[in-house]
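Chemist: Dropping in input12.csv, with CSV, C-alpha atoms.
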chain,number,residue,atom,x,y,z
A,1,MET,CA,-27.6,-6.4,25.8
A,2,ASP,CA,-26.0,-7.8,28.9
A,3,PHE,CA,-25.3,-4.9,31.2
A,4,ASN,CA,-23.3,-6.2,34.0
A,5,GLY,CA,-20.1,-4.6,32.8
A,6,PHE,CA,-19.3,-2.9,36.1
A,7,ASP,CA,-20.0,-5.9,38.3
A,8,ARG,CA,-17.1,-7.8,36.7
A,9,PRO,CA,-13.7,-7.6,38.4
A,10,ALA,CA,-12.3,-4.6,36.7
A,11,PHE,CA,-8.7,-5.7,36.2
A,12,PRO,CA,-7.1,-6.6,32.9
A,13,GLN,CA,-4.9,-9.6,32.9
A,14,ARG,CA,-1.4,-8.3,33.5
A,15,ALA,CA,0.2,-10.5,30.9
A,16,GLU,CA,-1.7,-8.6,28.3
A,17,ALA,CA,-1.0,-5.1,29.5
A,18,LEU,CA,0.6,-2.7,27.1
A,19,HIS,CA,3.8,-0.8,28.0
A,20,ALA,CA,3.3,2.6,29.5
A,21,GLY,CA,4.7,4.5,26.5
A,22,SER,CA,2.7,2.5,23.9
A,23,ARG,CA,1.3,4.1,20.7
A,24,SER,CA,-1.2,2.4,18.4
A,25,VAL,CA,-1.8,2.0,14.7
A,26,LYS,CA,-4.9,0.6,13.1
A,27,VAL,CA,-5.7,-1.6,10.1
A,28,MET,CA,-9.2,-2.4,8.9
A,29,VAL,CA,-10.5,-5.7,7.5
A,30,ALA,CA,-13.4,-5.1,5.2
A,31,GLY,CA,-15.3,-7.3,2.8
A,32,GLY,CA,-18.8,-8.7,2.3
A,33,PHE,CA,-20.8,-10.7,4.8
A,34,GLY,CA,-19.3,-14.1,5.5
A,35,THR,CA,-16.0,-13.5,3.7
A,36,GLY,CA,-14.0,-14.3,6.8
A,37,LYS,CA,-13.3,-10.9,8.4
A,38,THR,CA,-13.8,-12.1,12.0
A,39,THR,CA,-11.9,-15.2,11.3
A,40,MET,CA,-8.9,-13.3,10.0
A,41,VAL,CA,-9.0,-10.9,13.0
A,42,GLY,CA,-9.1,-13.9,15.3
A,43,SER,CA,-6.3,-15.8,13.7
A,44,VAL,CA,-3.6,-13.1,14.0
A,45,SER,CA,-4.8,-11.5,17.3
A,46,GLU,CA,-2.7,-12.0,20.5
A,47,ILE,CA,-5.8,-11.4,22.6
A,48,VAL,CA,-9.1,-13.2,22.4
A,49,PRO,CA,-11.0,-11.2,19.7
A,50,LEU,CA,-13.4,-8.7,21.3
A,51,THR,CA,-16.5,-6.9,20.1
A,52,THR,CA,-17.2,-3.3,20.7
A,53,GLU,CA,-20.7,-2.0,20.0
A,54,GLU,CA,-22.4,1.1,18.9
A,55,THR,CA,-26.1,1.8,19.5
A,56,LEU,CA,-28.0,3.3,16.7
A,57,THR,CA,-30.8,5.5,18.0
A,58,GLN,CA,-33.0,8.1,16.4
A,59,ALA,CA,-30.6,10.7,17.6
A,60,THR,CA,-27.7,9.2,15.6
A,61,VAL,CA,-29.5,8.4,12.3
A,62,GLY,CA,-32.2,11.0,12.0
A,63,VAL,CA,-35.9,10.1,11.9
A,64,ASP,CA,-36.2,9.4,8.1
A,65,ASP,CA,-33.8,6.5,8.3
A,66,LEU,CA,-36.0,4.7,10.7
A,67,VAL,CA,-39.0,4.5,8.5
A,68,GLY,CA,-40.0,0.9,8.4
A,69,VAL,CA,-38.3,0.1,11.7
A,70,ALA,CA,-40.5,2.4,13.7
A,71,ASP,CA,-41.1,-0.3,16.3
A,72,LYS,CA,-37.4,-0.6,17.0
A,73,LYS,CA,-36.0,1.8,19.6
A,74,SER,CA,-32.3,1.0,18.9
A,75,THR,CA,-30.1,-1.2,16.8
A,76,THR,CA,-26.8,-2.5,17.8
A,77,VAL,CA,-23.9,-2.6,15.3
A,78,SER,CA,-20.8,-4.5,16.2
A,79,LEU,CA,-17.1,-4.1,15.4
A,80,ASP,CA,-14.9,-7.2,16.0
A,81,PHE,CA,-11.3,-6.5,16.7
A,82,GLY,CA,-8.0,-7.9,17.8
A,83,ARG,CA,-4.5,-6.7,18.7
A,84,ILE,CA,-0.9,-7.5,17.7
A,85,SER,CA,2.0,-6.1,19.7
A,86,LEU,CA,4.6,-5.1,17.0
A,87,ASN,CA,7.3,-4.2,19.6
A,88,GLU,CA,7.4,-2.9,23.1
A,89,GLN,CA,6.1,0.6,22.1
A,90,LEU,CA,3.8,-0.1,19.1
A,91,VAL,CA,0.6,-2.0,19.0
A,92,LEU,CA,-1.5,-2.8,15.9
A,93,TYR,CA,-5.3,-2.9,16.2
A,94,LEU,CA,-7.1,-4.9,13.6
A,95,PHE,CA,-10.8,-4.1,13.1
A,96,GLY,CA,-13.2,-6.2,11.2
A,97,THR,CA,-15.8,-3.8,9.8
A,98,PRO,CA,-19.5,-4.4,10.1
A,99,GLY,CA,-21.0,-6.2,7.0
A,100,GLN,CA,-23.5,-3.3,6.6
A,101,GLU,CA,-21.3,-0.6,5.1
A,102,ARG,CA,-24.0,2.0,5.7
A,103,PHE,CA,-23.2,1.9,9.5
A,104,TRP,CA,-19.5,2.7,9.1
A,105,PHE,CA,-20.2,6.4,9.9
A,106,LEU,CA,-21.0,5.4,13.5
A,107,TRP,CA,-17.5,5.3,14.6
A,108,ASN,CA,-16.1,8.8,14.1
A,109,GLY,CA,-14.9,8.0,10.6
A,110,LEU,CA,-13.9,4.4,11.1
A,111,PHE,CA,-11.2,4.5,8.4
A,112,LYS,CA,-9.7,7.9,9.3
A,113,GLY,CA,-6.2,7.4,10.6
A,114,ALA,CA,-6.0,3.8,9.5
A,115,LEU,CA,-2.8,2.7,7.8
A,116,GLY,CA,-4.8,0.8,5.2
A,117,ALA,CA,-7.3,-2.0,4.7
A,118,VAL,CA,-7.5,-5.6,3.7
A,119,VAL,CA,-10.6,-6.3,1.6
A,120,LEU,CA,-11.5,-10.0,1.9
A,121,VAL,CA,-13.2,-11.6,-1.1
A,122,ASP,CA,-14.9,-15.0,-1.3
A,123,THR,CA,-14.3,-16.1,-4.9
A,124,ARG,CA,-17.6,-18.0,-4.8
A,125,ARG,CA,-19.5,-14.7,-4.3
A,126,LEU,CA,-17.3,-12.0,-5.7
A,127,GLU,CA,-20.2,-9.5,-5.7
A,128,SER,CA,-20.5,-9.5,-1.9
A,129,SER,CA,-17.3,-7.4,-1.6
A,130,PHE,CA,-18.1,-4.9,-4.4
A,131,ARG,CA,-19.4,-2.3,-2.0
A,132,ALA,CA,-16.4,-2.5,0.4
A,133,ILE,CA,-14.0,-2.0,-2.6
A,134,GLU,CA,-16.0,1.0,-3.8
A,135,GLU,CA,-15.9,2.5,-0.3
A,136,MET,CA,-12.1,2.0,-0.1
A,137,GLU,CA,-11.7,3.8,-3.4
A,138,ARG,CA,-14.0,6.6,-2.3
A,139,LEU,CA,-12.3,7.1,1.0
A,140,GLU,CA,-8.9,6.8,-0.6
A,141,VAL,CA,-7.8,4.2,1.8
A,142,PRO,CA,-4.8,2.1,0.6
A,143,PHE,CA,-5.9,-1.5,0.4
A,144,VAL,CA,-5.0,-5.0,-0.8
A,145,ILE,CA,-7.5,-7.6,-2.0
A,146,ALA,CA,-7.2,-11.0,-0.2
A,147,LEU,CA,-9.0,-13.9,-1.8
A,148,ASN,CA,-10.0,-16.1,1.1
A,149,LEU,CA,-9.7,-19.6,-0.4
A,150,PHE,CA,-12.6,-21.5,1.0
A,151,PRO,CA,-12.2,-25.3,0.7
A,152,ASP,CA,-14.8,-25.7,-2.0
A,153,ALA,CA,-13.9,-22.6,-3.9
A,154,HIS,CA,-12.7,-22.9,-7.5
A,155,ASN,CA,-9.2,-21.7,-8.0
A,156,HIS,CA,-9.9,-18.5,-9.9
A,157,PRO,CA,-6.8,-17.1,-11.6
A,158,VAL,CA,-6.0,-13.8,-9.9
A,159,GLU,CA,-6.2,-11.8,-13.1
A,160,GLU,CA,-9.7,-13.1,-13.8
A,161,VAL,CA,-10.8,-11.8,-10.4
A,162,ARG,CA,-9.1,-8.5,-11.0
A,163,GLU,CA,-11.0,-8.1,-14.2
A,164,ALA,CA,-14.3,-9.2,-12.7
A,165,LEU,CA,-14.0,-6.8,-9.8
A,166,ALA,CA,-12.5,-4.0,-11.9
A,167,ILE,CA,-9.4,-3.7,-9.6
A,168,SER,CA,-6.8,-1.2,-10.7
A,169,PRO,CA,-3.4,-2.8,-11.7
A,170,GLN,CA,-1.7,-1.0,-8.8
A,171,THR,CA,-3.8,-2.8,-6.2
A,172,PRO,CA,-2.2,-6.1,-5.1
A,173,ILE,CA,-4.4,-9.2,-5.0
A,174,VAL,CA,-3.1,-12.0,-2.8
A,175,THR,CA,-4.6,-15.3,-1.8
A,176,CYS,CA,-5.0,-16.5,1.8
A,177,ASP,CA,-6.6,-18.9,4.3
A,178,ALA,CA,-8.1,-16.5,6.9
A,179,ARG,CA,-8.1,-19.3,9.5
A,180,ASP,CA,-4.3,-19.6,9.3
A,181,ARG,CA,-2.2,-17.2,11.4
A,182,ALA,CA,0.8,-17.2,9.1
A,183,SER,CA,-1.3,-16.7,6.1
A,184,SER,CA,-3.2,-13.8,7.6
A,185,ARG,CA,0.0,-12.3,8.8
A,186,ASP,CA,1.3,-12.5,5.2
A,187,VAL,CA,-1.7,-10.6,4.0
A,188,LEU,CA,-0.9,-7.8,6.5
A,189,ILE,CA,2.7,-7.8,5.3
A,190,ALA,CA,1.5,-7.5,1.7
A,191,LEU,CA,-0.6,-4.5,2.7
A,192,ILE,CA,2.1,-2.7,4.5
A,193,ARG,CA,4.6,-3.3,1.6
A,194,HIS,CA,1.9,-1.9,-0.7
A,195,ILE,CA,1.5,1.2,1.4
A,196,LYS,CA,5.2,1.7,1.5
A,197,GLU,CA,5.6,1.4,-2.2
A,198,ARG,CA,2.8,3.9,-2.8
A,199,SER,CA,4.4,6.3,-0.3
A,200,VAL,CA,7.8,6.0,-2.0
A,201,ALA,CA,6.3,6.5,-5.4
A,202,ALA,CA,4.5,9.6,-4.1
A,203,LEU,CA,7.8,11.0,-2.8
A,204,GLU,CA,9.7,10.6,-6.0
A,205,PRO,CA,10.0,13.7,-8.1
A,206,ARG,CA,7.8,13.7,-11.2
B,1,MET,CA,-23.1,-10.8,42.5
B,2,THR,CA,-22.5,-7.5,44.2
B,3,GLU,CA,-25.2,-4.9,45.2
B,4,PRO,CA,-26.7,-3.5,41.9
B,5,GLN,CA,-25.4,-0.1,41.1
B,6,ALA,CA,-27.6,2.9,40.4
B,7,GLY,CA,-29.6,2.4,37.2
B,8,SER,CA,-28.4,-1.2,36.5
B,9,GLY,CA,-32.0,-2.5,36.5
B,10,LEU,CA,-33.0,-0.2,33.7
B,11,PRO,CA,-33.1,-1.1,30.1
B,12,GLY,CA,-30.2,0.0,27.9
B,13,LEU,CA,-31.2,3.5,26.6
B,14,GLU,CA,-32.5,4.7,30.0
B,15,ARG,CA,-29.4,3.5,31.7
B,16,TYR,CA,-27.2,5.3,29.2
B,17,TYR,CA,-29.1,8.5,29.7
B,18,ILE,CA,-28.4,8.3,33.4
B,19,LEU,CA,-24.7,7.4,33.0
B,20,THR,CA,-24.1,10.4,30.7
B,21,GLN,CA,-26.6,12.7,32.4
B,22,GLY,CA,-28.5,13.0,29.1
B,23,ARG,CA,-25.5,13.8,26.9
B,24,SER,CA,-25.3,11.9,23.6
B,25,ALA,CA,-22.1,13.3,22.3
B,26,PRO,CA,-18.8,14.2,24.0
B,27,THR,CA,-17.6,17.7,24.3
B,28,ALA,CA,-14.3,19.2,23.1
B,29,ASP,CA,-11.3,16.8,22.8
B,30,ALA,CA,-13.1,13.5,22.9
B,31,SER,CA,-15.1,14.3,19.8
B,32,THR,CA,-12.0,13.0,17.9
B,33,LEU,CA,-11.7,9.8,19.9
B,34,ASP,CA,-11.0,6.8,17.7
B,35,VAL,CA,-11.7,3.2,18.5
B,36,ALA,CA,-7.9,2.7,18.4
B,37,THR,CA,-7.1,5.7,20.7
B,38,LEU,CA,-5.2,4.6,23.7
B,39,ILE,CA,-6.4,5.9,27.0
B,40,VAL,CA,-4.0,6.0,30.0
B,41,ALA,CA,-5.0,6.9,33.5
B,42,ARG,CA,-3.2,9.9,35.0
B,43,SER,CA,-4.8,9.6,38.5
B,44,THR,CA,-6.3,7.0,40.7
B,45,PRO,CA,-10.0,6.9,41.6
B,46,GLU,CA,-11.0,9.1,44.5
B,47,PRO,CA,-13.8,8.6,46.9
B,48,GLY,CA,-17.1,9.8,45.3
B,49,THR,CA,-15.9,9.1,41.7
B,50,GLN,CA,-18.8,7.9,39.5
B,51,PRO,CA,-18.5,4.1,39.3
B,52,GLU,CA,-18.1,4.2,35.5
B,53,HIS,CA,-15.3,6.8,35.7
B,54,ASP,CA,-13.8,4.7,38.4
B,55,ALA,CA,-13.9,1.6,36.2
B,56,ILE,CA,-12.2,3.5,33.3
B,57,LEU,CA,-9.4,4.7,35.6
B,58,ARG,CA,-8.8,1.1,36.8
B,59,TRP,CA,-8.8,-0.4,33.4
B,60,CYS,CA,-6.5,2.2,32.0
B,61,ARG,CA,-3.6,2.0,34.6
B,62,ASP,CA,-1.8,0.6,31.5
B,63,PRO,CA,-2.7,2.0,28.1
B,64,LEU,CA,-5.9,0.5,26.7
B,65,SER,CA,-7.8,1.3,23.5
B,66,VAL,CA,-11.2,2.8,23.5
B,67,ALA,CA,-12.4,-0.3,21.7
B,68,GLU,CA,-11.1,-2.6,24.4
B,69,LEU,CA,-12.6,-0.4,27.1
B,70,GLY,CA,-16.0,-0.5,25.4
B,71,ALA,CA,-15.8,-4.3,25.1
B,72,HIS,CA,-14.7,-4.8,28.8
B,73,LEU,CA,-17.2,-2.4,30.2
B,74,GLY,CA,-20.1,-3.4,27.9
B,75,LEU,CA,-20.6,0.2,26.8
B,76,PRO,CA,-21.4,1.5,23.3
B,77,PHE,CA,-18.9,3.8,21.7
B,78,ASN,CA,-20.8,7.0,22.0
B,79,ILE,CA,-21.6,6.5,25.6
B,80,LEU,CA,-18.1,5.6,26.5
B,81,SER,CA,-16.8,8.7,24.5
B,82,VAL,CA,-18.9,10.9,26.8
B,83,LEU,CA,-17.5,9.3,29.9
B,84,VAL,CA,-13.9,9.4,28.7
B,85,ALA,CA,-14.4,13.1,27.7
B,86,ASP,CA,-15.3,13.9,31.4
B,87,LEU,CA,-12.0,12.4,32.5
B,88,LEU,CA,-10.0,14.1,29.7
B,89,ASN,CA,-11.5,17.5,30.5
B,90,THR,CA,-10.4,17.1,34.1
B,91,GLY,CA,-7.0,15.8,33.2
B,92,ARG,CA,-7.5,12.4,34.9
B,93,VAL,CA,-6.7,10.5,31.7
B,94,GLU,CA,-4.5,11.0,28.7
B,95,ALA,CA,-5.6,10.1,25.2
B,96,ARG,CA,-3.1,9.0,22.5
B,97,ASP,CA,-4.6,8.9,19.0
B,98,PRO,CA,-3.4,6.2,16.6
B,99,ILE,CA,-0.5,7.2,14.4
B,100,ALA,CA,-1.7,7.7,10.9
B,101,GLY,CA,0.3,6.4,7.9
B,102,THR,CA,0.5,9.9,6.5
B,103,GLY,CA,1.2,13.0,8.5
B,104,ASP,CA,1.5,16.7,7.8
B,105,HIS,CA,4.9,16.0,6.2
B,106,GLY,CA,3.8,13.1,4.0
B,107,PRO,CA,4.0,9.4,4.5
B,108,ASP,CA,5.8,8.1,7.6
B,109,LEU,CA,8.2,5.6,6.1
B,110,ALA,CA,9.9,4.9,9.4
B,111,LEU,CA,6.6,3.9,11.0
B,112,LEU,CA,5.7,1.6,8.1
B,113,GLU,CA,9.1,0.0,8.4
B,114,GLU,CA,8.6,-0.5,12.1
B,115,VAL,CA,5.1,-2.1,11.5
B,116,LEU,CA,6.6,-4.4,8.8
B,117,SER,CA,9.4,-5.7,11.0
B,118,GLY,CA,7.0,-6.3,13.8
B,119,LEU,CA,4.8,-8.4,11.5
B,120,GLN,CA,7.7,-10.3,10.2
B,121,ARG,CA,8.7,-11.4,13.7
B,122,LEU,CA,5.2,-12.9,14.3
Show me this structure written as structure tokens.

Modeler:
Amino acid sequence: MDFNGFDRPAFPQRAEALHAGSRSVKVMVAGGFGTGKTTMVGSVSEIVPLTTEETLTQATVGVDDLVGVADKKSTTVSLDFGRISLNEQLVLYLFGTPGQERFWFLWNGLFKGALGAVVLVDTRRLESSFRAIEEMERLEVPFVIALNLFPDAHNHPVEEVREALAISPQTPIVTCDARDRASSRDVLIALIRHIKERSVAALEPR
Amino acid sequence: MTEPQAGSGLPGLERYYILTQGRSAPTADASTLDVATLIVARSTPEPGTQPEHDAILRWCRDPLSVAELGAHLGLPFNILSVLVADLLNTGRVEARDPIAGTGDHGPDLALLEEVLSGLQRL
């Protein structure tokens, strides 16, 4: 890794500075390898998407997990992210999760405190997002499924995908073009609406 | 390029060891640091401040997330957590955790509404 971090001029660009009283919320973008997570983060972010890293060492994983990679002293796992200022006091951070779900534990419970998650699905390779969907259900993170419509993808009817991926009827499935800012924004809107509806339903007396 | 700082010629892990004085996990408060936690400086760097602490204080004159700090400073999350913890423990920075969708009193509908209207304005 390039390690000249402290030699760079250490001043953020003023135009990008957050207001003094700002608070943050976070939303995760999950999905299999190559489903467009980084693309989506980049298309809605107001800053050039950044990458933060975590170094996996023997101390973090325990010795057993390193069997077979004994010659490797450390592994770097990356998290791509972007930022959207929602108003003068509230900023949304959007994190694209690492494709290897087994590394999610590295960031202090990556999904803890997240409003919810978008799970991107490539309809040509539905199976690549299975694991991410399972994890969302296990962690009880509210999520929506976004079918990223790649140019050469067949147009699968949404209900067919729901059945194939065993998605509960309560979980919305939307289509999107992750390269498009408005389309990606609409996925986030669908997610927040879904979280709101869930919350309202939970508040209603049974 | 400026004069190399202490340890900058060392490969990654050895350099991290020196930066954190051998600590691999933060103490107390910072153990809850999230990638979306905003860090805000509460003081200016003083003479003799460790260069990495100094850099964090400069970057955080305006609120900045732990993830952005890590990206700008080229430091992995666990190492940065240790350094931020030092500053938290001495009151030189303030940490604001991300607001969760559900709090102790159930879902935060006002927050969700605020997020929604912000997105709709994009």

Chemist: For chain B, which of A:Met28, A:Val119, A:Ile145, A:Leu126 is the closest residue, counting only C-alpha atoms?

Modeler: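 Selected residue with least distance to chain B: A:Met28.
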
Chemist: Counting only C-alpha atoms, figure out which residue out of B:Gly22, B:Pro45, B:Gly91, B:Pro98 gets nearest to chain A.

Modeler: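 That would be B:Pro98, the residue with the smallest distance to chain A.
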
Chemist: Which value, in Å to one decimal, gives the distance between CA of Leu111 in chain B and CA of His72 in chain B?

Modeler: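 About the pair CA of Leu111 in chain B and CA of His72 in chain B: they are 29.1 Å apart.
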
Chemist: Just to confirm, what's the straight-line distance from CA of Leu191 in chain A to CA of Asp152 in chain A in Å (one decimal)?

Modeler: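 CA of Leu191 in chain A sits 25.9 Å away from CA of Asp152 in chain A.
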
Chemist: Using only C-alpha atoms, determine which residues lie at most 10 Å from Leu119 in chain B, disregarding the query and same-chain residues fewer than 2 positions distant; provide the list as a ChimeraX atom specification.

Modeler: /A:44,84-87,92,182,185-186,188-189,192 /B:113-117,121-122

Chemist: Using all atoms listed in the file, determine which residues lie at most 9 Å from range 97-100 of chain A, disregarding the query and same-chain residues fewer than 3 positions distant; provide the list as a PyMOL selection string.

Modeler: chain A and resi 28-34+37-38+77-81+103-104+110+132

Chemist: Would you list the contacts of Leu80 in chain B as a VMD selection string, taking every protein, DNA or RNA residue within 12 Å and counting all atoms listed in the file, but skipping same-chain residues closer than 6 positions in sequence?

Modeler: (chain A and resid 52 to 55 107) or (chain B and resid 16 to 17 19 to 20 23 to 26 30 to 31 33 to 35 39 52 to 53 55 to 56 65 to 74 86 to 87)

Chemist: Determine, counting all atoms listed in the file, which protein, DNA and RNA residues have an atom within 10 Å of an atom of Arg61 in chain B; residues of the same chain fewer than 3 positions away are not included. Present the result as a list in words.

Modeler: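 Contacts, in chain order: Phe11, Pro12, Ala17, Leu18 and Ala20 of chain A; Ile39, Val40, Ala41, Arg42, Ser43, Thr44, Ile56, Leu57, Arg58, Leu64 and Val93 of chain B.
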
Chemist: Which residue is closest to chain A? Choose from B:Leu88, B:Thr49, B:Gly118, B:Ala95 and count only C-alpha atoms.

Modeler: B:Gly118
